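Colleague: protein.pdb is the file, holding PDB, C-alpha atoms:
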ATOM      1  CA  MET A   1       7.805   0.955  -8.442
ATOM      2  CA  SER A   2       7.028   4.489  -7.304
ATOM      3  CA  ILE A   3       5.438   7.200  -9.391
ATOM      4  CA  ILE A   4       4.559  10.778  -8.512
ATOM      5  CA  GLY A   5       1.093  12.243  -8.447
ATOM      6  CA  ILE A   6      -0.785  15.222  -7.052
ATOM      7  CA  ASP A   7      -3.962  15.734  -5.054
ATOM      8  CA  VAL A   8      -6.113  18.783  -5.622
ATOM      9  CA  SER A   9      -9.152  20.656  -4.384
ATOM     10  CA  GLU A  10     -10.595  24.134  -4.805
ATOM     11  CA  TRP A  11      -7.692  25.416  -2.689
ATOM     12  CA  GLN A  12      -5.314  24.929  -5.628
ATOM     13  CA  GLY A  13      -7.466  27.245  -7.762
ATOM     14  CA  LYS A  14      -7.666  26.697 -11.493
ATOM     15  CA  MET A  15      -5.452  23.778 -12.550
ATOM     16  CA  ASP A  16      -3.427  23.349 -15.726
ATOM     17  CA  PHE A  17      -3.283  19.552 -15.834
ATOM     18  CA  ALA A  18      -1.179  19.507 -18.998
ATOM     19  CA  LYS A  19       1.489  21.326 -17.005
ATOM     20  CA  ALA A  20       1.144  18.851 -14.139
ATOM     21  CA  LYS A  21       1.658  15.975 -16.558
ATOM     22  CA  ALA A  22       4.681  17.671 -18.145
ATOM     23  CA  ALA A  23       6.185  18.076 -14.652
ATOM     24  CA  GLY A  24       6.035  14.293 -14.169
ATOM     25  CA  ALA A  25       2.693  13.743 -12.420
ATOM     26  CA  GLU A  26       1.071  10.519 -13.610
ATOM     27  CA  PHE A  27      -2.057  10.599 -11.470
ATOM     28  CA  VAL A  28      -4.305  12.987  -9.597
ATOM     29  CA  MET A  29      -6.533  12.482  -6.557
ATOM     30  CA  MET A  30      -9.404  15.004  -6.677
ATOM     31  CA  ARG A  31     -11.543  16.130  -3.753
ATOM     32  CA  THR A  32     -15.228  15.490  -4.338
ATOM     33  CA  GLY A  33     -16.302  17.633  -1.401
ATOM     34  CA  TYR A  34     -16.732  17.325   2.327
ATOM     35  CA  GLY A  35     -19.236  16.098   4.861
ATOM     36  CA  SER A  36     -22.849  15.303   4.129
ATOM     37  CA  ALA A  37     -25.012  15.962   1.090
ATOM     38  CA  LEU A  38     -25.382  19.727   0.900
ATOM     39  CA  PRO A  39     -24.924  21.565  -2.418
ATOM     40  CA  ASN A  40     -22.445  24.048  -0.936
ATOM     41  CA  GLN A  41     -20.233  21.159   0.235
ATOM     42  CA  ILE A  42     -19.331  19.981  -3.249
ATOM     43  CA  ASP A  43     -15.777  21.054  -4.097
ATOM     44  CA  LYS A  44     -16.141  24.195  -6.209
ATOM     45  CA  ARG A  45     -13.478  23.044  -8.683
ATOM     46  CA  PHE A  46     -14.504  19.402  -8.885
ATOM     47  CA  ALA A  47     -16.241  19.394 -12.257
ATOM     48  CA  GLU A  48     -13.465  21.272 -14.022
ATOM     49  CA  ASN A  49     -10.775  19.218 -12.294
ATOM     50  CA  GLN A  50     -12.424  15.975 -13.371
ATOM     51  CA  ALA A  51     -12.791  17.185 -16.956
ATOM     52  CA  GLY A  52      -9.270  18.645 -17.115
ATOM     53  CA  ALA A  53      -7.529  15.567 -15.743
ATOM     54  CA  THR A  54      -9.491  13.349 -18.119
ATOM     55  CA  ALA A  55      -8.637  15.530 -21.114
ATOM     56  CA  VAL A  56      -4.860  15.133 -20.648
ATOM     57  CA  GLY A  57      -4.996  11.420 -19.766
ATOM     58  CA  LEU A  58      -3.921  11.528 -16.127
ATOM     59  CA  LYS A  59      -4.921   8.556 -14.005
ATOM     60  CA  ARG A  60      -7.799   9.742 -11.843
ATOM     61  CA  GLY A  61      -8.825   9.046  -8.277
ATOM     62  CA  TYR A  62     -10.989  10.793  -5.713
ATOM     63  CA  TYR A  63     -11.193  11.633  -2.018
ATOM     64  CA  HIS A  64     -13.890  12.938   0.286
ATOM     65  CA  TYR A  65     -13.135  14.886   3.474
ATOM     66  CA  GLY A  66     -14.981  13.239   6.333
ATOM     67  CA  TYR A  67     -16.869  14.658   9.296
ATOM     68  CA  ALA A  68     -18.851  11.530  10.200
ATOM     69  CA  TYR A  69     -18.482   9.975  13.659
ATOM     70  CA  ASP A  70     -20.845   7.024  13.228
ATOM     71  CA  ALA A  71     -21.638   4.450  10.572
ATOM     72  CA  ALA A  72     -24.934   5.972   9.404
ATOM     73  CA  LYS A  73     -23.441   9.404   8.805
ATOM     74  CA  ALA A  74     -20.382   7.912   7.093
ATOM     75  CA  LYS A  75     -22.550   5.861   4.743
ATOM     76  CA  GLY A  76     -24.372   9.069   3.810
ATOM     77  CA  GLU A  77     -21.074  10.819   3.132
ATOM     78  CA  ALA A  78     -20.010   7.955   0.845
ATOM     79  CA  GLN A  79     -23.259   8.174  -1.096
ATOM     80  CA  PHE A  80     -22.735  11.922  -1.431
ATOM     81  CA  ALA A  81     -19.187  11.425  -2.792
ATOM     82  CA  LEU A  82     -20.366   8.785  -5.255
ATOM     83  CA  SER A  83     -23.144  11.051  -6.512
ATOM     84  CA  ILE A  84     -20.599  13.795  -7.201
ATOM     85  CA  ILE A  85     -18.364  11.435  -9.203
ATOM     86  CA  GLY A  86     -21.433  10.516 -11.208
ATOM     87  CA  GLY A  87     -20.476   6.961 -12.106
ATOM     88  CA  LYS A  88     -17.331   7.929 -14.000
ATOM     89  CA  ASP A  89     -13.993   6.094 -13.727
ATOM     90  CA  LYS A  90     -15.470   2.929 -12.212
ATOM     91  CA  GLY A  91     -12.795   0.994 -10.360
ATOM     92  CA  ALA A  92     -10.818   4.143  -9.547
ATOM     93  CA  PRO A  93      -9.684   4.789  -5.971
ATOM     94  CA  LEU A  94     -12.060   6.737  -3.731
ATOM     95  CA  ALA A  95     -10.476   7.678  -0.410
ATOM     96  CA  TYR A  96     -12.092   8.600   2.882
ATOM     97  CA  ASP A  97     -10.076  11.489   4.321
ATOM     98  CA  MET A  98     -10.041  11.059   8.102
ATOM     99  CA  GLU A  99      -8.075  13.723   9.913
ATOM    100  CA  ASP A 100     -10.432  16.383  11.273
ATOM    101  CA  SER A 101      -9.681  17.321  14.888
ATOM    102  CA  SER A 102     -13.401  17.751  15.692
ATOM    103  CA  LEU A 103     -13.816  13.961  15.482
ATOM    104  CA  THR A 104     -11.204  12.753  17.940
ATOM    105  CA  SER A 105     -13.440  13.002  21.014
ATOM    106  CA  HIS A 106     -15.724  10.286  19.604
ATOM    107  CA  GLY A 107     -13.075   7.609  20.123
ATOM    108  CA  LYS A 108     -11.359   4.941  18.075
ATOM    109  CA  ALA A 109     -14.208   2.422  18.003
ATOM    110  CA  ALA A 110     -16.770   4.888  16.627
ATOM    111  CA  LEU A 111     -14.372   6.337  14.053
ATOM    112  CA  THR A 112     -13.289   2.887  12.926
ATOM    113  CA  ALA A 113     -16.944   1.938  12.421
ATOM    114  CA  ALA A 114     -17.459   5.140  10.421
ATOM    115  CA  ALA A 115     -14.502   4.331   8.180
ATOM    116  CA  VAL A 116     -15.767   0.800   7.585
ATOM    117  CA  ALA A 117     -19.238   2.065   6.634
ATOM    118  CA  PHE A 118     -17.893   4.644   4.169
ATOM    119  CA  LEU A 119     -15.425   2.275   2.544
ATOM    120  CA  LYS A 120     -17.879  -0.622   2.254
ATOM    121  CA  GLU A 121     -20.220   1.684   0.380
ATOM    122  CA  VAL A 122     -17.346   2.662  -1.922
ATOM    123  CA  ALA A 123     -16.483  -0.964  -2.661
ATOM    124  CA  ALA A 124     -20.123  -1.900  -3.249
ATOM    125  CA  ALA A 125     -20.359   0.857  -5.860
ATOM    126  CA  GLY A 126     -17.421  -0.588  -7.805
ATOM    127  CA  TYR A 127     -14.644   1.748  -6.703
ATOM    128  CA  THR A 128     -11.400   0.909  -4.906
ATOM    129  CA  PRO A 129     -11.714   1.701  -1.162
ATOM    130  CA  VAL A 130      -8.867   3.813   0.209
ATOM    131  CA  LEU A 131      -8.288   5.120   3.723
ATOM    132  CA  TYR A 132      -6.430   8.439   3.828
ATOM    133  CA  SER A 133      -5.022   9.612   7.133
ATOM    134  CA  ASN A 134      -1.839  10.660   8.864
ATOM    135  CA  LEU A 135       0.589   8.879  11.147
ATOM    136  CA  TYR A 136      -0.939  10.346  14.329
ATOM    137  CA  TRP A 137      -4.487   9.383  13.397
ATOM    138  CA  THR A 138      -3.629   5.844  12.340
ATOM    139  CA  SER A 139      -1.872   5.340  15.681
ATOM    140  CA  ASN A 140      -4.604   6.800  17.878
ATOM    141  CA  PHE A 141      -8.024   7.206  16.284
ATOM    142  CA  VAL A 142      -8.664   4.451  13.722
ATOM    143  CA  ASP A 143      -7.918   0.735  13.827
ATOM    144  CA  VAL A 144      -6.492   0.097  10.372
ATOM    145  CA  SER A 145      -6.229  -3.664  10.918
ATOM    146  CA  ALA A 146      -9.928  -3.868  11.796
ATOM    147  CA  ILE A 147     -10.853  -1.763   8.759
ATOM    148  CA  ARG A 148      -8.724  -3.983   6.520
ATOM    149  CA  GLN A 149     -10.463  -7.109   7.827
ATOM    150  CA  ALA A 150     -13.906  -5.591   7.270
ATOM    151  CA  VAL A 151     -13.186  -4.089   3.839
ATOM    152  CA  PRO A 152     -11.507  -6.532   1.415
ATOM    153  CA  GLY A 153      -9.160  -4.826  -1.008
ATOM    154  CA  LEU A 154      -8.593  -1.801   1.239
ATOM    155  CA  LYS A 155      -5.680   0.455   0.280
ATOM    156  CA  VAL A 156      -3.996   2.913   2.634
ATOM    157  CA  TRP A 157      -2.860   6.403   1.652
ATOM    158  CA  ILE A 158      -0.670   7.735   4.440
ATOM    159  CA  ALA A 159       0.355  11.349   5.027
ATOM    160  CA  GLN A 160       3.677  12.154   6.647
ATOM    161  CA  TYR A 161       5.748  15.147   5.578
ATOM    162  CA  ASN A 162       9.190  13.704   5.977
ATOM    163  CA  SER A 163      12.168  12.312   4.074
ATOM    164  CA  GLN A 164      10.907   8.801   4.835
ATOM    165  CA  CYS A 165       7.577   7.255   5.763
ATOM    166  CA  ASP A 166       7.545   5.760   9.262
ATOM    167  CA  TYR A 167       4.158   4.059   9.006
ATOM    168  CA  LYS A 168       4.686   0.373   9.805
ATOM    169  CA  GLY A 169       1.627  -1.058   8.075
ATOM    170  CA  ASP A 170       1.078  -1.786   4.410
ATOM    171  CA  TYR A 171       0.360   1.324   2.314
ATOM    172  CA  ALA A 172      -0.139   1.948  -1.380
ATOM    173  CA  MET A 173       0.480   5.691  -1.437
ATOM    174  CA  TRP A 174       2.462   8.201   0.619
ATOM    175  CA  GLN A 175       1.700  11.927   0.671
ATOM    176  CA  TYR A 176       5.206  13.124   1.409
ATOM    177  CA  THR A 177       4.878  16.905   1.201
ATOM    178  CA  SER A 178       2.270  19.656   1.232
ATOM    179  CA  GLN A 179       4.764  22.115  -0.216
ATOM    180  CA  GLY A 180       5.275  20.963  -3.781
ATOM    181  CA  ASN A 181       5.877  23.765  -6.270
ATOM    182  CA  GLY A 182       2.369  24.820  -7.254
ATOM    183  CA  ALA A 183       3.372  26.653 -10.421
ATOM    184  CA  GLN A 184       5.489  23.731 -11.628
ATOM    185  CA  TYR A 185       2.506  21.370 -11.352
ATOM    186  CA  GLY A 186      -0.018  23.747 -12.888
ATOM    187  CA  ALA A 187      -1.706  25.019  -9.723
ATOM    188  CA  SER A 188      -2.753  28.596  -9.124
ATOM    189  CA  SER A 189      -1.759  28.198  -5.479
ATOM    190  CA  GLN A 190       1.813  28.528  -4.211
ATOM    191  CA  TYR A 191       1.929  24.950  -2.976
ATOM    192  CA  ILE A 192       0.480  21.573  -3.930
ATOM    193  CA  ASP A 193       0.498  18.151  -2.243
ATOM    194  CA  LEU A 194       2.767  15.536  -3.807
ATOM    195  CA  ASN A 195       2.477  11.766  -3.436
ATOM    196  CA  TYR A 196       4.409   8.603  -4.204
ATOM    197  CA  LEU A 197       2.375   5.677  -5.508
ATOM    198  CA  TYR A 198       3.843   2.228  -4.817
ATOM    199  CA  GLU A 199       0.977  -0.009  -5.951
ATOM    200  CA  ASP A 200      -0.968   0.679  -9.121
ATOM    201  CA  ILE A 201      -4.427   1.094  -7.628
ATOM    202  CA  PHE A 202      -5.587   2.755 -10.856
ATOM    203  CA  THR A 203      -5.515  -0.420 -12.978
ATOM    204  CA  GLN A 204      -9.143  -1.380 -12.421
ATOM    205  CA  GLY A 205     -12.020  -0.335 -14.621
ATOM    206  CA  GLY A 206     -11.539   1.997 -17.571
ATOM    207  CA  ASN A 207      -9.143   4.327 -15.805
ATOM    208  CA  SER A 208      -5.864   2.571 -16.515
ATOM    209  CA  GLY A 209      -5.105   3.401 -20.111
ATOM    210  CA  GLY A 210      -5.369  -0.279 -20.966
ATOM    211  CA  SER A 211      -2.883  -1.609 -18.420
ATOM    212  CA  THR A 212      -3.524  -5.005 -16.876
ATOM    213  CA  ALA A 213      -2.344  -6.740 -13.748
ATOM    214  CA  PRO A 214       1.014  -8.425 -14.257
ATOM    215  CA  ALA A 215       1.319 -12.199 -14.360
ATOM    216  CA  HIS A 216       2.897 -13.732 -11.261
ATOM    217  CA  LYS A 217       4.753 -16.998 -10.904
ATOM    218  CA  TYR A 218       3.008 -17.814  -7.619
ATOM    219  CA  LYS A 219      -0.599 -17.437  -6.471
ATOM    220  CA  VAL A 220      -2.574 -16.904  -3.272
ATOM    221  CA  GLY A 221      -2.540 -20.134  -1.267
ATOM    222  CA  ASP A 222       0.922 -21.280  -2.356
ATOM    223  CA  HIS A 223       3.119 -22.302   0.585
ATOM    224  CA  VAL A 224       6.641 -21.181  -0.276
ATOM    225  CA  ILE A 225      10.155 -21.174   1.128
ATOM    226  CA  PHE A 226      12.042 -17.855   1.174
ATOM    227  CA  SER A 227      15.621 -16.823   1.831
ATOM    228  CA  THR A 228      15.081 -13.063   2.129
ATOM    229  CA  CYS A 229      12.022 -10.855   2.639
ATOM    230  CA  TYR A 230      10.844  -7.293   3.335
ATOM    231  CA  GLU A 231       8.742  -5.347   5.823
ATOM    232  CA  HIS A 232       6.850  -3.505   3.066
ATOM    233  CA  ASN A 233       5.829  -4.414  -0.453
ATOM    234  CA  HIS A 234       7.611  -1.346  -1.855
ATOM    235  CA  ASP A 235      10.932  -1.719   0.000
ATOM    236  CA  PRO A 236      14.043  -1.532  -2.223
ATOM    237  CA  ILE A 237      16.399  -4.502  -2.350
ATOM    238  CA  GLU A 238      18.857  -2.948   0.117
ATOM    239  CA  LYS A 239      16.177  -3.188   2.843
ATOM    240  CA  HIS A 240      15.858  -6.973   2.581
ATOM    241  CA  LYS A 241      16.069  -9.093   5.717
ATOM    242  CA  LYS A 242      17.350 -12.638   6.069
ATOM    243  CA  ALA A 243      14.812 -15.387   6.613
ATOM    244  CA  SER A 244      16.864 -16.430   9.640
ATOM    245  CA  ASP A 245      15.707 -13.194  11.304
ATOM    246  CA  TYR A 246      12.145 -14.594  11.292
ATOM    247  CA  PRO A 247      10.591 -17.487  13.229
ATOM    248  CA  ARG A 248      10.430 -19.602  10.051
ATOM    249  CA  ASN A 249      11.676 -19.541   6.467
ATOM    250  CA  HIS A 250       8.355 -20.395   4.828
ATOM    251  CA  GLY A 251       4.816 -19.063   4.645
ATOM    252  CA  THR A 252       1.575 -19.099   2.690
ATOM    253  CA  ILE A 253       0.859 -16.332   0.180
ATOM    254  CA  THR A 254      -2.270 -14.586   1.452
ATOM    255  CA  ARG A 255      -2.286 -11.527  -0.810
ATOM    256  CA  ILE A 256      -0.702 -10.263  -4.037
ATOM    257  CA  ALA A 257      -0.101  -6.520  -4.448
ATOM    258  CA  ASN A 258       0.128  -5.902  -8.178
ATOM    259  CA  GLY A 259       2.644  -3.342  -9.399
ATOM    260  CA  THR A 260       4.950  -3.572  -6.372
ATOM    261  CA  PRO A 261       8.505  -4.902  -6.243
ATOM    262  CA  ASN A 262       7.672  -7.376  -3.451
ATOM    263  CA  PRO A 263       4.137  -8.438  -4.336
ATOM    264  CA  TYR A 264       3.547 -11.521  -2.151
ATOM    265  CA  LEU A 265       2.333 -11.115   1.430
ATOM    266  CA  LEU A 266       3.020 -14.189   3.556
ATOM    267  CA  ASP A 267       0.767 -15.372   6.385
ATOM    268  CA  ASN A 268      -1.177 -12.094   6.522
ATOM    269  CA  GLY A 269       1.789 -10.128   7.784
ATOM    270  CA  LEU A 270       4.895 -12.268   8.293
ATOM    271  CA  CYS A 271       6.681 -10.337   5.518
ATOM    272  CA  TRP A 272       6.618  -9.518   1.793
ATOM    273  CA  VAL A 273       8.615 -11.412  -0.851
ATOM    274  CA  ASN A 274       9.218 -11.420  -4.597
ATOM    275  CA  ASP A 275      10.014 -14.182  -7.083
ATOM    276  CA  GLY A 276      13.736 -13.807  -6.415
ATOM    277  CA  ASP A 277      13.307 -14.349  -2.666
ATOM    278  CA  ILE A 278      11.360 -17.592  -3.091
ATOM    279  CA  ARG A 279      13.322 -20.829  -3.172
ATOM    280  CA  GLY A 280      10.446 -23.136  -4.072
ATOM    281  CA  TYR A 281       7.337 -24.702  -2.568
ATOM    282  CA  TYR A 282       7.226 -25.841   1.036
ATOM    283  CA  THR A 283       6.257 -29.517   1.339
ATOM    284  CA  GLY A 284       6.912 -30.179   5.000
ATOM    285  CA  GLU A 285      10.408 -31.399   5.803
ATOM    286  CA  GLN A 286      12.908 -29.849   3.408
ATOM    287  CA  SER A 287      16.080 -31.539   2.258
ATOM    288  CA  TYR A 288      19.099 -30.729   0.135
ATOM    289  CA  THR A 289      21.673 -32.974  -1.491
ATOM    290  CA  VAL A 290      25.184 -31.574  -1.234
ATOM    291  CA  ARG A 291      26.976 -30.829  -4.491
ATOM    292  CA  SER A 292      30.669 -30.383  -5.213
ATOM    293  CA  GLY A 293      31.777 -26.924  -4.090
ATOM    294  CA  ASP A 294      28.949 -26.445  -1.575
ATOM    295  CA  THR A 295      29.556 -25.067   1.896
ATOM    296  CA  LEU A 296      27.236 -25.308   4.878
ATOM    297  CA  SER A 297      27.157 -21.533   5.209
ATOM    298  CA  GLY A 298      26.191 -21.198   1.548
ATOM    299  CA  ILE A 299      23.405 -23.776   1.889
ATOM    300  CA  ALA A 300      22.150 -22.036   5.046
ATOM    301  CA  ALA A 301      22.054 -18.699   3.213
ATOM    302  CA  LYS A 302      20.244 -20.207   0.241
ATOM    303  CA  TYR A 303      17.409 -21.479   2.418
ATOM    304  CA  GLY A 304      17.390 -18.540   4.823
ATOM    305  CA  VAL A 305      18.251 -20.515   7.949
ATOM    306  CA  SER A 306      21.041 -19.949  10.416
ATOM    307  CA  LEU A 307      24.196 -22.008  10.156
ATOM    308  CA  ALA A 308      23.742 -23.111  13.785
ATOM    309  CA  LYS A 309      20.232 -24.463  13.048
ATOM    310  CA  LEU A 310      21.459 -26.331   9.983
ATOM    311  CA  VAL A 311      24.333 -27.898  11.918
ATOM    312  CA  SER A 312      22.030 -28.865  14.802
ATOM    313  CA  ALA A 313      19.315 -30.347  12.569
ATOM    314  CA  ASN A 314      21.836 -32.655  10.911
ATOM    315  CA  GLY A 315      24.002 -33.547  13.920
ATOM    316  CA  ILE A 316      27.120 -32.312  12.141
ATOM    317  CA  ALA A 317      30.210 -32.420  14.326
ATOM    318  CA  ASN A 318      32.519 -30.496  11.957
ATOM    319  CA  PRO A 319      30.735 -27.682   9.997
ATOM    320  CA  ASN A 320      33.705 -27.510   7.623
ATOM    321  CA  LEU A 321      33.341 -31.149   6.562
ATOM    322  CA  ILE A 322      30.516 -32.116   4.170
ATOM    323  CA  TYR A 323      30.693 -34.245   1.049
ATOM    324  CA  PRO A 324      28.894 -34.465  -2.335
ATOM    325  CA  GLY A 325      25.812 -36.662  -2.198
ATOM    326  CA  GLN A 326      25.226 -36.033   1.492
ATOM    327  CA  LYS A 327      21.523 -35.377   2.183
ATOM    328  CA  LEU A 328      20.829 -32.546   4.611
ATOM    329  CA  THR A 329      17.612 -31.734   6.440
ATOM    330  CA  ILE A 330      16.697 -28.057   6.146
ATOM    331  CA  PRO A 331      15.016 -26.895   9.368
ATOM    332  CA  GLY A 332      11.792 -24.860   9.012
TER     333      GLY A 332
END
Any chance you could give the structure as C-alpha cells?

Modeller:
Amino acid sequence: MSIIGIDVSEWQGKMDFAKAKAAGAEFVMMRTGYGSALPNQIDKRFAENQAGATAVGLKRGYYHYGYAYDAAKAKGEAQFALSIIGGKDKGAPLAYDMEDSSLTSHGKAALTAAAVAFLKEVAAAGYTPVLYSNLYWTSNFVDVSAIRQAVPGLKVWIAQYNSQCDYKGDYAMWQYTSQGNGAQYGASSQYIDLNYLYEDIFTQGGNSGGSTAPAHKYKVGDHVIFSTCYEHNHDPIEKHKKASDYPRNHGTITRIANGTPNPYLLDNGLCWVNDGDIRGYYTGEQSYTVRSGDTLSGIAAKYGVSLAKLVSANGIANPNLIYPGQKLTIPG
C-alpha cells in the first residue's frame, strides 16, 4: 500500500484543500509551529489549515519544527505543539522535525535524548509519535534504533528527494519531493512537499474515517517458518529474498505493521514477511513427507532452505532419487 499526501505550513500560503483532495492527496501533515512556546512561533496558517483539512475529510497529522538540543527543552517543545493542536484528532501522528543545522554541534547523544523526550510526551498525550528527518541526519545526528527502543510505537518519516528511498531502516512515510506542483494541490506557493504513506498511521482515534486495523492470520509471539521475506514492510513482491539468503528460515513475530503488504517483523529486524511467505509454525525440528511428483529442489524452495543443506541434513547420496513416503528433515 502507498498513498500520496502533502505537508503544509505558512510557506504554502492559503490552501484549497478540496483541490488537494481532488488531485489525489489523501492526507495532510500540518506544521504546528517551531521551537519553544512563544506566540509568534505558532504557524500563521495553522488554524485555517486544520479547519480546512477537516472540512474536506482529509486524514490529518501534525509536525513541529525542532530547535531543542536537550531533553528538557524538547519536552517543552512537545507541550507547545500539543497546546496548538488543542486536543483535536487524538491518535493522529505528531512528528518531531529534526533537521536544523544549528543543532548538529550538540552531538548525537544529546539530540537523540531530545527526540526521545519530545516523542514520549507525544505518546503520553495520546498521539502517534513520529520522527521526521532526512537521510543525512538519521545517519549522523540521531540514533533511530535507540529512539525506537525508548518510544514504543515510533514511526519514521524520512525525507530524501530521489526516485527511490535509500534509508535502510523501517519507515512509514517517505517525503520524496519538495517540488510538487503547488497549484495542482491547492497551494498558493509554486511548490509543495509530496509524500508516500506505506503504513496507515492515521487509523487511531477519530481521525480515520471509521477504518480499523485489518485482521491478521498470525500474531506477535508466533514462531513461524518462511520461504521468502523482505527488507522493508512496504517492499513490492519483486523485491523478495529467499529464506536461504538468511541465517535461518524461521523467526518470531515481534511487531505487526498494519496496512503494509509485509506486515510481520521477525526477530526485531531479521526481515519482514506476509501471510504468503509463511509456511507454518516452527516447532523445533521440521520434517516433510515426500509426495508423488516432489523434487528435492522444489521442497527446498518451499521451505526456503538451500538444496545443499537439505541434501546434507538427510544424508542423501543422489539428489535426483527420492520416493513417496520418505520423511525428510528440514534444516533450520

Colleague: Would you list the residues near (-21.1, 7.7, -7.6), meaning any protein, DNA or RNA residue with an atom at most 12 Å from that point in file coordinates, counting only C-alpha atoms, as an MDAnalysis selection string?

Modeller: chainID A and resid 32 62 64 76:94 121:127

Colleague: List the neighbours of Ser292 of chain A out to 10 Å using only C-alpha atoms; skip same-chain residues closer than 4 positions along the sequence, and give me the result as a ChimeraX atom specification.

Modeller: /A:322-325

Colleague: Could the residues in this selection be written to a file with C-alpha atoms, as a PDB file, in the frame of the given file?

Modeller:
ATOM      1  CA  ILE A 322      30.516 -32.116   4.170  1.00  0.00           C
ATOM      2  CA  TYR A 323      30.693 -34.245   1.049  1.00  0.00           C
ATOM      3  CA  PRO A 324      28.894 -34.465  -2.335  1.00  0.00           C
ATOM      4  CA  GLY A 325      25.812 -36.662  -2.198  1.00  0.00           C
TER       5      GLY A 325
END

Colleague: Tell me, in Å to one decimal, how far atom CA of Tyr288 of chain A is from atom CA of Ile316 of chain A.

Modeller: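 Computed distance, atom CA of Tyr288 of chain A to atom CA of Ile316 of chain A, equals 14.5 Å.
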
Colleague: Would you compute an axis-aligned box for segment 153-171 of chain A, covering every atom listed for it in the file with 8 Å of margin on each side, and report centre and edge lengths in Å to one decimal as lines of an AutoDock Vina configuration file?

Modeller:
center_x = 1.5
center_y = 5.2
center_z = 4.4
size_x = 37.3
size_y = 36.0
size_z = 26.8

Colleague: Which value, in Å to one decimal, gives the distance between atom CA of Phe27 of chain A and atom CA of Phe118 of chain A?

Modeller: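 It comes out at 23.0 Å.
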
Colleague: Do you have, as a tab-separated table, the list of residues of segment 182-253 of chain A lying at most 10 Å from segment 265-285 of chain A, each with its nearest atom pair and that distance in Å to one decimal, counting all atoms listed in the file and ordered by chain then number?

Modeller:
residue	atom	partner	partner_atom	distance
A:His216	CA	A:Asp275	CA	8.3
A:Lys217	CA	A:Asp275	CA	7.1
A:Tyr218	CA	A:Asp275	CA	7.9
A:Val220	CA	A:Leu265	CA	8.9
A:Gly221	CA	A:Leu266	CA	9.5
A:Asp222	CA	A:Tyr281	CA	7.3
A:His223	CA	A:Tyr282	CA	5.4
A:Val224	CA	A:Tyr281	CA	4.3
A:Ile225	CA	A:Arg279	CA	5.4
A:Phe226	CA	A:Ile278	CA	4.3
A:Ser227	CA	A:Asp277	CA	5.6
A:Thr228	CA	A:Asp277	CA	5.3
A:Cys229	CA	A:Val273	CA	4.9
A:Tyr230	CA	A:Trp272	CA	5.0
A:Glu231	CA	A:Cys271	CA	5.4
A:His232	CA	A:Trp272	CA	6.2
A:Asn233	CA	A:Trp272	CA	5.6
A:His234	CA	A:Trp272	CA	9.0
A:Asp235	CA	A:Trp272	CA	9.1
A:His240	CA	A:Val273	CA	9.2
A:Lys241	CA	A:Cys271	CA	9.5
A:Lys242	CA	A:Asp277	CA	9.8
A:Ala243	CA	A:Asp277	CA	9.5
A:Tyr246	CA	A:Leu270	CA	8.2
A:Pro247	CA	A:Leu270	CA	9.2
A:Arg248	CA	A:Leu270	CA	9.4
A:Asn249	CA	A:Tyr282	CA	9.4
A:His250	CA	A:Tyr282	CA	6.7
A:Gly251	CA	A:Leu266	CA	5.3
A:Thr252	CA	A:Leu266	CA	5.2
A:Ile253	CA	A:Leu266	CA	4.5

Colleague: Compute the distance from (-13.7, 8.3, 10.4) to each atom, counting all atoms listed in the file, keep the residues with any atom at most 7 Å away, and return them as a ChimeraX atom specification; use the coordinates of the file.

Modeller: /A:66,68-69,98,111-112,114-115

Colleague: Please compute the atom CA of Met30 of chain A-atom CA of Glu48 of chain A distance, one decimal, in Å.

Modeller: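 Atom CA of Glu48 of chain A lies at a distance of 10.5 Å from atom CA of Met30 of chain A.
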
Colleague: Give me the residues within 10 Å of Thr177 of chain A as a list in words, counting all atoms listed in the file and dropping any in the same chain fewer than 5 places off.

Modeller: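 Surrounding residues, per the criterion: Ala159, Gln160, Tyr161, Asn162, Ser163, Tyr191, Ile192, Asp193, Leu194, Asn195 and Tyr196 of chain A.
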
Colleague: Could you state which residues are captured by the PyMOL selection byres ((chain A and resi 35) around 7) in this file, as a list in words?

Modeller: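 Taken on the displayed file, the PyMOL selection byres ((chain A and resi 35) around 7) yields the residues Tyr34, Ser36, Ala37, Gln41, Tyr65, Gly66, Tyr67 and Glu77 of chain A.
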
Colleague: Translate the PyMOL selection byres ((chain A and resi 290) around 12), as applied to the file shown, into an explicit residue set as a PDB file with C-alpha atoms, keeping the file's coordinate frame.

Modeller:
ATOM      1  CA  SER A 287      16.080 -31.539   2.258  1.00  0.00           C
ATOM      2  CA  TYR A 288      19.099 -30.729   0.135  1.00  0.00           C
ATOM      3  CA  THR A 289      21.673 -32.974  -1.491  1.00  0.00           C
ATOM      4  CA  ARG A 291      26.976 -30.829  -4.491  1.00  0.00           C
ATOM      5  CA  SER A 292      30.669 -30.383  -5.213  1.00  0.00           C
ATOM      6  CA  GLY A 293      31.777 -26.924  -4.090  1.00  0.00           C
ATOM      7  CA  ASP A 294      28.949 -26.445  -1.575  1.00  0.00           C
ATOM      8  CA  THR A 295      29.556 -25.067   1.896  1.00  0.00           C
ATOM      9  CA  LEU A 296      27.236 -25.308   4.878  1.00  0.00           C
ATOM     10  CA  GLY A 298      26.191 -21.198   1.548  1.00  0.00           C
ATOM     11  CA  ILE A 299      23.405 -23.776   1.889  1.00  0.00           C
ATOM     12  CA  ALA A 300      22.150 -22.036   5.046  1.00  0.00           C
ATOM     13  CA  LEU A 321      33.341 -31.149   6.562  1.00  0.00           C
ATOM     14  CA  ILE A 322      30.516 -32.116   4.170  1.00  0.00           C
ATOM     15  CA  TYR A 323      30.693 -34.245   1.049  1.00  0.00           C
ATOM     16  CA  PRO A 324      28.894 -34.465  -2.335  1.00  0.00           C
ATOM     17  CA  GLY A 325      25.812 -36.662  -2.198  1.00  0.00           C
ATOM     18  CA  GLN A 326      25.226 -36.033   1.492  1.00  0.00           C
ATOM     19  CA  LYS A 327      21.523 -35.377   2.183  1.00  0.00           C
ATOM     20  CA  LEU A 328      20.829 -32.546   4.611  1.00  0.00           C
ATOM     21  CA  THR A 329      17.612 -31.734   6.440  1.00  0.00           C
ATOM     22  CA  ILE A 330      16.697 -28.057   6.146  1.00  0.00           C
TER      23      ILE A 330
END

Colleague: Smallest atom-to-atom distance to Ser133 of chain A: which of A:Ala117, A:Ala301, A:Val156, A:Ile147, using all atoms listed in the file?

Modeller: A:Val156
